[in-house]
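Peer 1: Data file coords_35.cif (mmCIF, C-alpha atoms and all ligand atoms) is appended below.
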data_model
loop_
_atom_site.group_PDB
_atom_site.id
_atom_site.type_symbol
_atom_site.label_atom_id
_atom_site.label_comp_id
_atom_site.auth_asym_id
_atom_site.auth_seq_id
_atom_site.Cartn_x
_atom_site.Cartn_y
_atom_site.Cartn_z
ATOM 1 C CA MET A 19 -15.050 -32.161 -2.700
ATOM 2 C CA PRO A 20 -15.557 -34.923 -0.098
ATOM 3 C CA ALA A 21 -16.404 -38.337 -1.504
ATOM 4 C CA GLU A 22 -19.849 -39.891 -1.171
ATOM 5 C CA ARG A 23 -20.302 -41.807 2.062
ATOM 6 C CA PRO A 24 -21.651 -45.354 2.252
ATOM 7 C CA GLU A 25 -25.240 -45.486 3.472
ATOM 8 C CA ASP A 26 -24.639 -46.937 6.924
ATOM 9 C CA GLU A 27 -21.457 -45.063 7.859
ATOM 10 C CA THR A 28 -21.964 -42.612 10.700
ATOM 11 C CA GLY A 29 -18.553 -40.946 10.812
ATOM 12 C CA PRO A 30 -16.864 -42.435 13.902
ATOM 13 C CA ALA A 31 -14.519 -39.481 14.387
ATOM 14 C CA SER A 32 -17.386 -37.008 14.590
ATOM 15 C CA LEU A 33 -19.340 -39.341 16.906
ATOM 16 C CA LEU A 34 -16.476 -39.225 19.375
ATOM 17 C CA SER A 35 -15.667 -35.535 18.997
ATOM 18 C CA GLY A 36 -19.234 -34.262 19.411
ATOM 19 C CA ALA A 37 -19.026 -32.536 16.012
ATOM 20 C CA PRO A 38 -22.150 -32.802 13.850
ATOM 21 C CA HIS A 39 -20.125 -33.982 10.855
ATOM 22 C CA PRO A 40 -16.516 -34.951 10.074
ATOM 23 C CA VAL A 41 -14.083 -32.300 8.834
ATOM 24 C CA LEU A 42 -15.052 -31.443 5.240
ATOM 25 C CA ALA A 43 -11.484 -30.773 4.150
ATOM 26 C CA GLY A 44 -12.468 -29.995 0.561
ATOM 27 C CA TRP A 45 -14.237 -26.893 1.839
ATOM 28 C CA TYR A 46 -12.141 -25.455 4.661
ATOM 29 C CA GLY A 47 -9.067 -27.614 5.244
ATOM 30 C CA LYS A 48 -8.750 -28.120 9.001
ATOM 31 C CA ALA A 49 -11.332 -28.222 11.791
ATOM 32 C CA ASP A 50 -10.234 -24.908 13.308
ATOM 33 C CA ALA A 51 -10.889 -23.107 10.004
ATOM 34 C CA ARG A 52 -14.545 -24.258 9.887
ATOM 35 C CA ALA A 53 -16.193 -21.460 11.921
ATOM 36 C CA GLY A 54 -14.558 -18.660 9.913
ATOM 37 C CA PHE A 55 -15.410 -20.443 6.674
ATOM 38 C CA VAL A 56 -19.080 -20.833 7.721
ATOM 39 C CA ARG A 57 -19.326 -17.169 8.727
ATOM 40 C CA ARG A 58 -17.881 -15.958 5.426
ATOM 41 C CA LEU A 59 -20.082 -18.369 3.473
ATOM 42 C CA PHE A 60 -23.276 -17.026 5.063
ATOM 43 C CA ASP A 61 -22.081 -13.403 4.963
ATOM 44 C CA ALA A 62 -21.639 -13.736 1.212
ATOM 45 C CA GLY A 63 -24.842 -15.729 0.625
ATOM 46 C CA ALA A 64 -27.094 -13.577 2.844
ATOM 47 C CA PRO A 65 -28.623 -11.403 0.083
ATOM 48 C CA ASP A 66 -29.741 -14.571 -1.750
ATOM 49 C CA TYR A 67 -30.819 -16.670 1.233
ATOM 50 C CA ASP A 68 -34.547 -15.884 1.381
ATOM 51 C CA ARG A 69 -34.986 -16.242 -2.379
ATOM 52 C CA LEU A 70 -33.174 -19.604 -2.438
ATOM 53 C CA ASN A 71 -35.185 -20.775 0.533
ATOM 54 C CA ARG A 72 -38.470 -19.961 -1.211
ATOM 55 C CA LEU A 73 -37.198 -21.746 -4.320
ATOM 56 C CA PHE A 74 -36.155 -25.010 -2.737
ATOM 57 C CA SER A 75 -39.093 -25.251 -0.343
ATOM 58 C CA PHE A 76 -41.646 -24.391 -3.063
ATOM 59 C CA ASN A 77 -42.574 -21.443 -0.875
ATOM 60 C CA SER A 78 -43.715 -23.763 1.921
ATOM 61 C CA GLY A 79 -41.026 -22.742 4.436
ATOM 62 C CA ALA A 80 -42.964 -20.075 6.332
ATOM 63 C CA GLY A 81 -46.033 -22.280 6.860
ATOM 64 C CA TYR A 82 -43.863 -25.242 7.851
ATOM 65 C CA ARG A 83 -41.897 -23.218 10.407
ATOM 66 C CA ALA A 84 -45.106 -21.749 11.889
ATOM 67 C CA ARG A 85 -46.793 -25.170 12.167
ATOM 68 C CA THR A 86 -43.686 -26.615 13.828
ATOM 69 C CA LEU A 87 -43.550 -23.823 16.414
ATOM 70 C CA ARG A 88 -47.268 -24.113 17.202
ATOM 71 C CA GLY A 89 -46.975 -27.909 17.365
ATOM 72 C CA ALA A 90 -44.174 -27.525 19.920
ATOM 73 C CA GLY A 91 -46.491 -25.420 22.092
ATOM 74 C CA LEU A 92 -45.434 -21.818 21.350
ATOM 75 C CA ARG A 93 -48.098 -19.397 22.602
ATOM 76 C CA PRO A 94 -48.839 -15.671 22.748
ATOM 77 C CA GLY A 95 -46.683 -13.997 25.379
ATOM 78 C CA ASP A 96 -43.828 -16.522 25.195
ATOM 79 C CA ARG A 97 -40.146 -15.506 25.111
ATOM 80 C CA VAL A 98 -38.147 -17.146 22.323
ATOM 81 C CA LEU A 99 -34.427 -17.296 21.577
ATOM 82 C CA ASP A 100 -33.910 -18.206 17.905
ATOM 83 C CA VAL A 101 -30.326 -19.443 17.624
ATOM 84 C CA ALA A 102 -28.679 -19.166 14.174
ATOM 85 C CA THR A 103 -31.580 -16.969 13.153
ATOM 86 C CA GLY A 104 -30.017 -16.110 9.777
ATOM 87 C CA THR A 105 -32.332 -13.706 7.969
ATOM 88 C CA GLY A 106 -34.963 -14.404 10.635
ATOM 89 C CA LEU A 107 -37.238 -16.916 8.903
ATOM 90 C CA VAL A 108 -38.030 -18.885 12.094
ATOM 91 C CA ALA A 109 -38.031 -15.706 14.183
ATOM 92 C CA ARG A 110 -40.586 -14.034 11.888
ATOM 93 C CA GLU A 111 -43.064 -16.883 12.446
ATOM 94 C CA ALA A 112 -42.322 -16.903 16.178
ATOM 95 C CA LEU A 113 -43.050 -13.149 16.332
ATOM 96 C CA ARG A 114 -46.469 -13.698 14.739
ATOM 97 C CA ILE A 115 -47.325 -16.334 17.331
ATOM 98 C CA VAL A 116 -46.015 -14.672 20.505
ATOM 99 C CA GLN A 117 -47.518 -11.295 19.456
ATOM 100 C CA SER A 118 -46.614 -8.002 21.031
ATOM 101 C CA GLN A 119 -46.760 -9.299 24.614
ATOM 102 C CA GLY A 120 -44.013 -11.847 23.861
ATOM 103 C CA LEU A 121 -40.330 -11.506 22.956
ATOM 104 C CA VAL A 122 -38.201 -12.940 20.163
ATOM 105 C CA VAL A 123 -34.411 -12.613 20.156
ATOM 106 C CA GLY A 124 -32.463 -13.785 17.110
ATOM 107 C CA LEU A 125 -28.803 -14.760 17.479
ATOM 108 C CA ASP A 126 -26.346 -15.415 14.649
ATOM 109 C CA LEU A 127 -22.625 -15.211 13.979
ATOM 110 C CA SER A 128 -22.949 -13.764 10.471
ATOM 111 C CA ALA A 129 -23.105 -9.976 10.195
ATOM 112 C CA GLY A 130 -24.440 -10.370 6.642
ATOM 113 C CA MET A 131 -27.372 -12.509 7.766
ATOM 114 C CA LEU A 132 -28.084 -10.226 10.742
ATOM 115 C CA ALA A 133 -28.122 -7.187 8.425
ATOM 116 C CA VAL A 134 -30.986 -8.789 6.473
ATOM 117 C CA ALA A 135 -32.757 -9.874 9.687
ATOM 118 C CA ALA A 136 -32.549 -6.296 10.970
ATOM 119 C CA GLY A 137 -35.339 -5.423 8.536
ATOM 120 C CA ARG A 138 -37.835 -7.515 10.536
ATOM 121 C CA GLU A 139 -39.843 -5.312 12.848
ATOM 122 C CA GLY A 140 -39.951 -6.345 16.487
ATOM 123 C CA LEU A 141 -37.013 -8.751 16.302
ATOM 124 C CA ALA A 142 -34.173 -8.156 18.773
ATOM 125 C CA LEU A 143 -30.805 -9.259 17.411
ATOM 126 C CA VAL A 144 -27.585 -10.453 19.022
ATOM 127 C CA MET A 145 -24.345 -11.403 17.314
ATOM 128 C CA GLY A 146 -22.881 -14.538 18.856
ATOM 129 C CA ASP A 147 -21.930 -18.166 18.563
ATOM 130 C CA ALA A 148 -24.414 -20.958 19.255
ATOM 131 C CA GLY A 149 -21.677 -22.747 21.190
ATOM 132 C CA GLN A 150 -21.070 -19.854 23.600
ATOM 133 C CA LEU A 151 -24.351 -18.025 24.025
ATOM 134 C CA PRO A 152 -23.882 -14.477 25.359
ATOM 135 C CA ILE A 153 -27.285 -14.783 27.063
ATOM 136 C CA CYS A 154 -28.248 -14.966 30.731
ATOM 137 C CA ASP A 155 -29.647 -18.112 32.374
ATOM 138 C CA ALA A 156 -33.215 -19.373 32.333
ATOM 139 C CA GLY A 157 -34.802 -16.416 30.517
ATOM 140 C CA PHE A 158 -36.637 -18.139 27.644
ATOM 141 C CA ASP A 159 -39.740 -20.327 27.288
ATOM 142 C CA MET A 160 -38.492 -21.743 23.987
ATOM 143 C CA VAL A 161 -35.151 -22.004 22.201
ATOM 144 C CA THR A 162 -35.356 -22.642 18.472
ATOM 145 C CA MET A 163 -32.748 -23.406 15.839
ATOM 146 C CA GLY A 164 -33.634 -23.828 12.171
ATOM 147 C CA TYR A 165 -31.339 -25.703 9.803
ATOM 148 C CA ALA A 166 -28.101 -24.825 11.588
ATOM 149 C CA LEU A 167 -27.404 -27.801 13.823
ATOM 150 C CA ARG A 168 -24.828 -28.943 11.261
ATOM 151 C CA HIS A 169 -22.806 -25.760 11.739
ATOM 152 C CA VAL A 170 -22.012 -25.876 15.461
ATOM 153 C CA ALA A 171 -18.573 -27.046 16.622
ATOM 154 C CA ASP A 172 -19.837 -29.437 19.296
ATOM 155 C CA LEU A 173 -23.407 -30.677 19.692
ATOM 156 C CA ARG A 174 -23.210 -31.356 23.413
ATOM 157 C CA ALA A 175 -21.646 -27.969 24.221
ATOM 158 C CA ALA A 176 -24.295 -26.190 22.145
ATOM 159 C CA PHE A 177 -27.146 -28.187 23.708
ATOM 160 C CA ALA A 178 -25.831 -27.514 27.226
ATOM 161 C CA GLY A 179 -25.969 -23.785 26.444
ATOM 162 C CA PHE A 180 -29.496 -24.052 25.031
ATOM 163 C CA ARG A 181 -30.609 -25.833 28.217
ATOM 164 C CA ARG A 182 -28.967 -23.172 30.389
ATOM 165 C CA VAL A 183 -30.878 -20.277 28.798
ATOM 166 C CA LEU A 184 -34.250 -22.092 28.913
ATOM 167 C CA ARG A 185 -36.423 -21.720 31.990
ATOM 168 C CA PRO A 186 -37.152 -25.007 33.782
ATOM 169 C CA GLY A 187 -39.992 -26.619 31.824
ATOM 170 C CA GLY A 188 -38.996 -24.711 28.654
ATOM 171 C CA THR A 189 -38.827 -26.341 25.215
ATOM 172 C CA LEU A 190 -36.057 -26.758 22.662
ATOM 173 C CA VAL A 191 -37.072 -27.055 18.991
ATOM 174 C CA LEU A 192 -34.498 -27.968 16.335
ATOM 175 C CA MET A 193 -35.612 -28.079 12.699
ATOM 176 C CA GLU A 194 -33.328 -29.957 10.353
ATOM 177 C CA ILE A 195 -33.040 -31.486 6.914
ATOM 178 C CA ALA A 196 -31.580 -34.984 6.745
ATOM 179 C CA SER A 197 -30.296 -37.106 3.921
ATOM 180 C CA PRO A 198 -33.247 -39.391 3.100
ATOM 181 C CA PRO A 199 -32.903 -43.166 3.448
ATOM 182 C CA GLY A 200 -32.289 -45.225 0.308
ATOM 183 C CA ARG A 201 -29.780 -44.714 -2.477
ATOM 184 C CA ILE A 202 -32.234 -43.441 -5.081
ATOM 185 C CA ARG A 203 -33.979 -40.942 -2.814
ATOM 186 C CA ARG A 204 -30.595 -39.722 -1.612
ATOM 187 C CA ARG A 205 -29.366 -39.247 -5.182
ATOM 188 C CA LEU A 206 -32.519 -37.322 -6.040
ATOM 189 C CA ALA A 207 -32.181 -35.106 -2.944
ATOM 190 C CA ARG A 208 -28.521 -34.458 -3.777
ATOM 191 C CA LEU A 209 -29.331 -33.631 -7.381
ATOM 192 C CA TYR A 210 -32.080 -31.281 -6.293
ATOM 193 C CA LEU A 211 -30.331 -29.431 -3.461
ATOM 194 C CA SER A 212 -26.741 -29.361 -4.697
ATOM 195 C CA ARG A 213 -27.314 -28.987 -8.467
ATOM 196 C CA LEU A 214 -30.813 -27.911 -9.445
ATOM 197 C CA VAL A 215 -31.412 -25.307 -6.723
ATOM 198 C CA PRO A 216 -28.001 -23.613 -7.302
ATOM 199 C CA LEU A 217 -28.746 -23.602 -11.040
ATOM 200 C CA LEU A 218 -32.181 -22.054 -10.480
ATOM 201 C CA GLY A 219 -30.526 -19.630 -8.058
ATOM 202 C CA ARG A 220 -28.086 -18.526 -10.767
ATOM 203 C CA LEU A 221 -30.847 -18.253 -13.362
ATOM 204 C CA THR A 222 -32.843 -16.020 -11.015
ATOM 205 C CA GLY A 223 -29.977 -13.659 -10.317
ATOM 206 C CA GLY A 224 -27.836 -15.388 -7.664
ATOM 207 C CA GLY A 225 -24.066 -15.469 -7.960
ATOM 208 C CA ALA A 226 -21.232 -17.796 -7.048
ATOM 209 C CA ALA A 227 -21.797 -17.182 -3.318
ATOM 210 C CA ALA A 228 -25.338 -18.556 -3.427
ATOM 211 C CA ASP A 229 -24.114 -21.523 -5.418
ATOM 212 C CA ARG A 230 -21.410 -22.337 -2.857
ATOM 213 C CA MET A 231 -23.813 -21.905 0.055
ATOM 214 C CA MET A 232 -26.242 -24.477 -1.392
ATOM 215 C CA ARG A 233 -23.546 -26.990 -2.297
ATOM 216 C CA TYR A 234 -22.041 -26.758 1.200
ATOM 217 C CA TYR A 235 -25.562 -27.029 2.649
ATOM 218 C CA TRP A 236 -26.012 -30.396 0.953
ATOM 219 C CA ASP A 237 -22.555 -31.702 1.920
ATOM 220 C CA THR A 238 -23.223 -31.024 5.605
ATOM 221 C CA ILE A 239 -26.610 -32.746 5.326
ATOM 222 C CA GLU A 240 -25.083 -35.794 3.702
ATOM 223 C CA HIS A 241 -22.308 -36.091 6.282
ATOM 224 C CA CYS A 242 -24.329 -35.233 9.383
ATOM 225 C CA VAL A 243 -24.379 -37.666 12.314
ATOM 226 C CA PRO A 244 -27.606 -39.700 12.508
ATOM 227 C CA GLU A 245 -30.722 -38.931 14.496
ATOM 228 C CA ALA A 246 -29.750 -41.377 17.286
ATOM 229 C CA VAL A 247 -26.530 -39.433 17.964
ATOM 230 C CA ILE A 248 -28.389 -36.125 18.122
ATOM 231 C CA LEU A 249 -30.969 -37.583 20.527
ATOM 232 C CA ALA A 250 -28.196 -39.099 22.672
ATOM 233 C CA SER A 251 -26.379 -35.730 22.731
ATOM 234 C CA LEU A 252 -29.574 -34.014 23.891
ATOM 235 C CA ALA A 253 -29.968 -36.530 26.702
ATOM 236 C CA ALA A 254 -26.258 -36.222 27.620
ATOM 237 C CA SER A 255 -26.700 -32.441 27.845
ATOM 238 C CA GLY A 256 -29.435 -32.850 30.443
ATOM 239 C CA PHE A 257 -32.545 -32.540 28.273
ATOM 240 C CA ALA A 258 -35.614 -34.645 29.054
ATOM 241 C CA GLU A 259 -38.255 -36.031 26.668
ATOM 242 C CA ALA A 260 -35.961 -35.760 23.625
ATOM 243 C CA ARG A 261 -37.708 -36.975 20.454
ATOM 244 C CA CYS A 262 -37.513 -36.600 16.715
ATOM 245 C CA ASP A 263 -40.437 -36.438 14.265
ATOM 246 C CA THR A 264 -39.593 -37.082 10.627
ATOM 247 C CA GLN A 265 -41.585 -36.124 7.534
ATOM 248 C CA PHE A 266 -40.907 -37.597 4.087
ATOM 249 C CA GLY A 267 -37.651 -39.061 5.463
ATOM 250 C CA LEU A 268 -36.197 -35.584 4.945
ATOM 251 C CA LEU A 269 -37.566 -33.046 7.411
ATOM 252 C CA LYS A 270 -36.720 -33.631 11.043
ATOM 253 C CA THR A 271 -37.957 -31.807 14.117
ATOM 254 C CA TYR A 272 -36.168 -32.520 17.371
ATOM 255 C CA THR A 273 -37.905 -31.411 20.548
ATOM 256 C CA ALA A 274 -36.735 -31.704 24.142
ATOM 257 C CA ARG A 275 -37.575 -30.138 27.450
ATOM 258 C CA ARG A 276 -35.566 -28.647 30.277
ATOM 259 C CA ALA A 277 -36.981 -30.691 33.148
ATOM 260 C CA LEU A 278 -38.652 -28.997 36.096
ATOM 261 C CA PRO A 279 -36.709 -29.394 39.347
ATOM 262 C CA VAL A 280 -37.814 -32.400 41.361
ATOM 263 C CA ARG A 281 -39.646 -31.122 44.438
ATOM 264 C CA ALA A 282 -38.102 -32.213 47.708
ATOM 265 C CA ALA A 283 -40.209 -34.933 49.278
ATOM 266 C CA ARG A 284 -42.143 -33.654 52.314
ATOM 267 C CA GLY A 285 -41.821 -35.458 55.615
ATOM 268 C CA PRO A 286 -44.875 -36.982 57.326
HETATM 269 C C1 LIG B 1 -29.099 -22.291 6.825
HETATM 270 S S1 LIG B 1 -29.088 -20.805 7.752
HETATM 271 C C2 LIG B 1 -30.580 -20.989 8.712
HETATM 272 C C3 LIG B 1 -31.275 -19.674 8.965
HETATM 273 C C4 LIG B 1 -32.636 -19.765 9.643
HETATM 274 N N1 LIG B 1 -32.541 -20.339 10.964
HETATM 275 C C5 LIG B 1 -33.663 -20.491 8.818
HETATM 276 O O1 LIG B 1 -34.489 -21.211 9.374
HETATM 277 O O2 LIG B 1 -33.697 -20.302 7.603
HETATM 278 C C6 LIG B 1 -27.824 -21.160 8.929
HETATM 279 C C7 LIG B 1 -27.480 -19.981 9.809
HETATM 280 O O3 LIG B 1 -26.679 -20.455 10.889
HETATM 281 C C8 LIG B 1 -25.734 -19.460 11.196
HETATM 282 N N2 LIG B 1 -24.670 -20.091 11.979
HETATM 283 C C9 LIG B 1 -23.818 -21.061 11.558
HETATM 284 N N3 LIG B 1 -23.029 -21.442 12.568
HETATM 285 C C10 LIG B 1 -23.391 -20.713 13.648
HETATM 286 C C11 LIG B 1 -22.934 -20.659 14.999
HETATM 287 N N4 LIG B 1 -21.952 -21.452 15.442
HETATM 288 N N5 LIG B 1 -23.520 -19.781 15.826
HETATM 289 C C12 LIG B 1 -24.504 -18.961 15.407
HETATM 290 N N6 LIG B 1 -24.989 -18.976 14.140
HETATM 291 C C13 LIG B 1 -24.441 -19.843 13.269
HETATM 292 C C14 LIG B 1 -25.317 -18.937 9.846
HETATM 293 O O4 LIG B 1 -24.679 -17.681 9.928
HETATM 294 C C15 LIG B 1 -26.663 -18.901 9.134
HETATM 295 O O5 LIG B 1 -27.286 -17.659 9.314
#
Translate the structure described by the file into structure tokens.
Peer 2:
Amino acid sequence: MPAERPEDETGPASLLSGAPHPVLAGWYGKADARAGFVRRLFDAGAPDYDRLNRLFSFNSGAGYRARTLRGAGLRPGDRVLDVATGTGLVAREALRIVQSQGLVVGLDLSAGMLAVAAGREGLALVMGDAGQLPICDAGFDMVTMGYALRHVADLRAAFAGFRRVLRPGGTLVLMEIASPPGRIRRRLARLYLSRLVPLLGRLTGGGAAADRMMRYYWDTIEHCVPEAVILASLAASGFAEARCDTQFGLLKTYTARRALPVRAARGP
């Protein structure tokens, strides 16, 4: 398992490469094995995902996702692409807000997660990679991604794709969990997410797959590049108004906008 990282280290290799975290060799060996490892991890953990999510969020996840989407301006009739939709927890809240006149498409690379998401009425599903979206240009009012930023190969490549599929003026919303500041809070978060939640998961019927999924979840959080790098990557990918709102030092919401084209100045 990768060693604990000093508080102020940001992982220089991943800063240069555009990866959201350095190679976690203890999990998958080399960088090119990461995507297959992540897919298998979520395929195996899919049946347990919703239950674990309710457990570690004290059942607050649905309300939090809905408030975040509304706060970012999602309205009835909007078209949403939910990247890394998993079992569809963000997509489900988006569907409630956009109602029947809107559209929600969920995209994920894990067949196991998509099989669970397929039970959600009204949700259109696509299998694909966040880094190479098989989606046409400028078709969505909002692109969302919940708790999956840490799993893309290259932040800038992924963000460039998100911008491409948004209409001009459209909004990107990224929900994330970050390692909280301060040694004690970080230790508590680690204990909770990488030990207690997997234990509770096992006690409530989860197996080794759920355990691994949660422990990997924490490792990627702890090794993720900092907020400033994510904001800089958004700006480098052509997004405007990139910002991050943080709650409890732990929950981060990044929002950014695909700028409207500048209108050509009229002559006198
Ligand atoms: C922690 S789950 C998040 C699910 C959901 N968005 C939520 O809010 O609960 C992460 C999801 O990201 C998916 N994923 C990881 N890497 C991906 C990639 N490169 N492209 C598409 N989906 C990816 C996984 O299959 C998994 O379903």
Peer 1: For the structure shown, which residues end up in the PyMOL selection byres (((chain A and resi 38) around 8) and not hetatm)? Put them as a VMD selection string, please?
Peer 2: chain A and resid 32 to 33 36 to 37 39 to 40 167 to 173 242 to 243
Peer 1: Mind writing the picked residues with C-alpha atoms as a PDB file, in the coordinates of the input?
Peer 2:
ATOM      1  CA  SER A  32     -17.386 -37.008  14.590  1.00  0.00           C
ATOM      2  CA  LEU A  33     -19.340 -39.341  16.906  1.00  0.00           C
ATOM      3  CA  GLY A  36     -19.234 -34.262  19.411  1.00  0.00           C
ATOM      4  CA  ALA A  37     -19.026 -32.536  16.012  1.00  0.00           C
ATOM      5  CA  HIS A  39     -20.125 -33.982  10.855  1.00  0.00           C
ATOM      6  CA  PRO A  40     -16.516 -34.951  10.074  1.00  0.00           C
ATOM      7  CA  LEU A 167     -27.404 -27.801  13.823  1.00  0.00           C
ATOM      8  CA  ARG A 168     -24.828 -28.943  11.261  1.00  0.00           C
ATOM      9  CA  HIS A 169     -22.806 -25.760  11.739  1.00  0.00           C
ATOM     10  CA  VAL A 170     -22.012 -25.876  15.461  1.00  0.00           C
ATOM     11  CA  ALA A 171     -18.573 -27.046  16.622  1.00  0.00           C
ATOM     12  CA  ASP A 172     -19.837 -29.437  19.296  1.00  0.00           C
ATOM     13  CA  LEU A 173     -23.407 -30.677  19.692  1.00  0.00           C
ATOM     14  CA  CYS A 242     -24.329 -35.233   9.383  1.00  0.00           C
ATOM     15  CA  VAL A 243     -24.379 -37.666  12.314  1.00  0.00           C
TER      16      VAL A 243
END
Peer 1: Please determine an axis-aligned box that encloses all atoms of range 34-39 of chain A listed in the file, with 3 Å added on each side, and express its centre and edge lengths in Å to one decimal as lines of an AutoDock Vina configuration file.
Peer 2:
center_x = -18.9
center_y = -35.9
center_z = 15.1
size_x = 12.5
size_y = 12.7
size_z = 14.6
Peer 1: Could you work out how far CA of Glu245 in chain A lies from CA of Ile153 in chain A, giving the answer in Å with one decimal?
Peer 2: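 About the pair CA of Ile153 in chain A and CA of Glu245 in chain A: they are 27.4 Å apart.
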Peer 1: Counting all atoms listed in the file, I want the residues whose atoms come within 8 Å of (-27.7, -10.7, 7.7) in the file frame, returned as an MDAnalysis selection string.
Peer 2: chainID A and resid 61 64:65 104:105 128:136
Peer 1: What does the distance between CA of Val191 in chain A and CA of Ala49 in chain A come to in Å, to one decimal place?
Peer 2: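 That distance, rounded to one decimal, is 26.8 Å.
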Peer 1: Could you add whatever atoms are missing so that range 58-74 of chain A carries N, CA and C atoms, then write the result as a PDB file, keeping the file's coordinate frame?
Peer 2:
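Output below, filename rebuild-v3.pdb:
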ATOM      1  N   ARG A  58     -18.080 -16.637   6.721  1.00  0.00           N
ATOM      2  CA  ARG A  58     -17.881 -15.958   5.426  1.00  0.00           C
ATOM      3  C   ARG A  58     -18.872 -16.457   4.382  1.00  0.00           C
ATOM      4  N   LEU A  59     -19.137 -17.771   4.433  1.00  0.00           N
ATOM      5  CA  LEU A  59     -20.082 -18.369   3.473  1.00  0.00           C
ATOM      6  C   LEU A  59     -21.463 -17.721   3.607  1.00  0.00           C
ATOM      7  N   PHE A  60     -21.935 -17.588   4.865  1.00  0.00           N
ATOM      8  CA  PHE A  60     -23.276 -17.026   5.063  1.00  0.00           C
ATOM      9  C   PHE A  60     -23.278 -15.504   4.898  1.00  0.00           C
ATOM     10  N   ASP A  61     -22.172 -14.848   5.244  1.00  0.00           N
ATOM     11  CA  ASP A  61     -22.081 -13.403   4.963  1.00  0.00           C
ATOM     12  C   ASP A  61     -22.296 -13.155   3.472  1.00  0.00           C
ATOM     13  N   ALA A  62     -21.583 -13.955   2.664  1.00  0.00           N
ATOM     14  CA  ALA A  62     -21.639 -13.736   1.212  1.00  0.00           C
ATOM     15  C   ALA A  62     -22.984 -14.163   0.628  1.00  0.00           C
ATOM     16  N   GLY A  63     -23.587 -15.216   1.196  1.00  0.00           N
ATOM     17  CA  GLY A  63     -24.842 -15.729   0.625  1.00  0.00           C
ATOM     18  C   GLY A  63     -26.087 -15.035   1.156  1.00  0.00           C
ATOM     19  N   ALA A  64     -25.928 -14.168   2.171  1.00  0.00           N
ATOM     20  CA  ALA A  64     -27.094 -13.577   2.844  1.00  0.00           C
ATOM     21  C   ALA A  64     -28.098 -12.899   1.901  1.00  0.00           C
ATOM     22  N   PRO A  65     -27.636 -12.091   0.925  1.00  0.00           N
ATOM     23  CA  PRO A  65     -28.623 -11.403   0.083  1.00  0.00           C
ATOM     24  C   PRO A  65     -29.491 -12.378  -0.720  1.00  0.00           C
ATOM     25  N   ASP A  66     -28.998 -13.593  -0.937  1.00  0.00           N
ATOM     26  CA  ASP A  66     -29.741 -14.571  -1.750  1.00  0.00           C
ATOM     27  C   ASP A  66     -30.526 -15.571  -0.919  1.00  0.00           C
ATOM     28  N   TYR A  67     -30.316 -15.559   0.413  1.00  0.00           N
ATOM     29  CA  TYR A  67     -30.819 -16.670   1.233  1.00  0.00           C
ATOM     30  C   TYR A  67     -32.344 -16.839   1.159  1.00  0.00           C
ATOM     31  N   ASP A  68     -33.079 -15.757   1.338  1.00  0.00           N
ATOM     32  CA  ASP A  68     -34.547 -15.884   1.381  1.00  0.00           C
ATOM     33  C   ASP A  68     -35.098 -16.364   0.036  1.00  0.00           C
ATOM     34  N   ARG A  69     -34.508 -15.849  -1.039  1.00  0.00           N
ATOM     35  CA  ARG A  69     -34.986 -16.242  -2.379  1.00  0.00           C
ATOM     36  C   ARG A  69     -34.709 -17.729  -2.620  1.00  0.00           C
ATOM     37  N   LEU A  70     -33.504 -18.189  -2.265  1.00  0.00           N
ATOM     38  CA  LEU A  70     -33.174 -19.604  -2.438  1.00  0.00           C
ATOM     39  C   LEU A  70     -34.075 -20.482  -1.580  1.00  0.00           C
ATOM     40  N   ASN A  71     -34.348 -20.012  -0.379  1.00  0.00           N
ATOM     41  CA  ASN A  71     -35.185 -20.775   0.533  1.00  0.00           C
ATOM     42  C   ASN A  71     -36.600 -20.948  -0.026  1.00  0.00           C
ATOM     43  N   ARG A  72     -37.129 -19.858  -0.592  1.00  0.00           N
ATOM     44  CA  ARG A  72     -38.470 -19.961  -1.211  1.00  0.00           C
ATOM     45  C   ARG A  72     -38.436 -20.936  -2.375  1.00  0.00           C
ATOM     46  N   LEU A  73     -37.335 -20.870  -3.146  1.00  0.00           N
ATOM     47  CA  LEU A  73     -37.198 -21.746  -4.320  1.00  0.00           C
ATOM     48  C   LEU A  73     -37.199 -23.215  -3.916  1.00  0.00           C
ATOM     49  N   PHE A  74     -36.304 -23.570  -2.970  1.00  0.00           N
ATOM     50  CA  PHE A  74     -36.155 -25.010  -2.737  1.00  0.00           C
ATOM     51  C   PHE A  74     -37.242 -25.581  -1.834  1.00  0.00           C
TER      52      PHE A  74
END
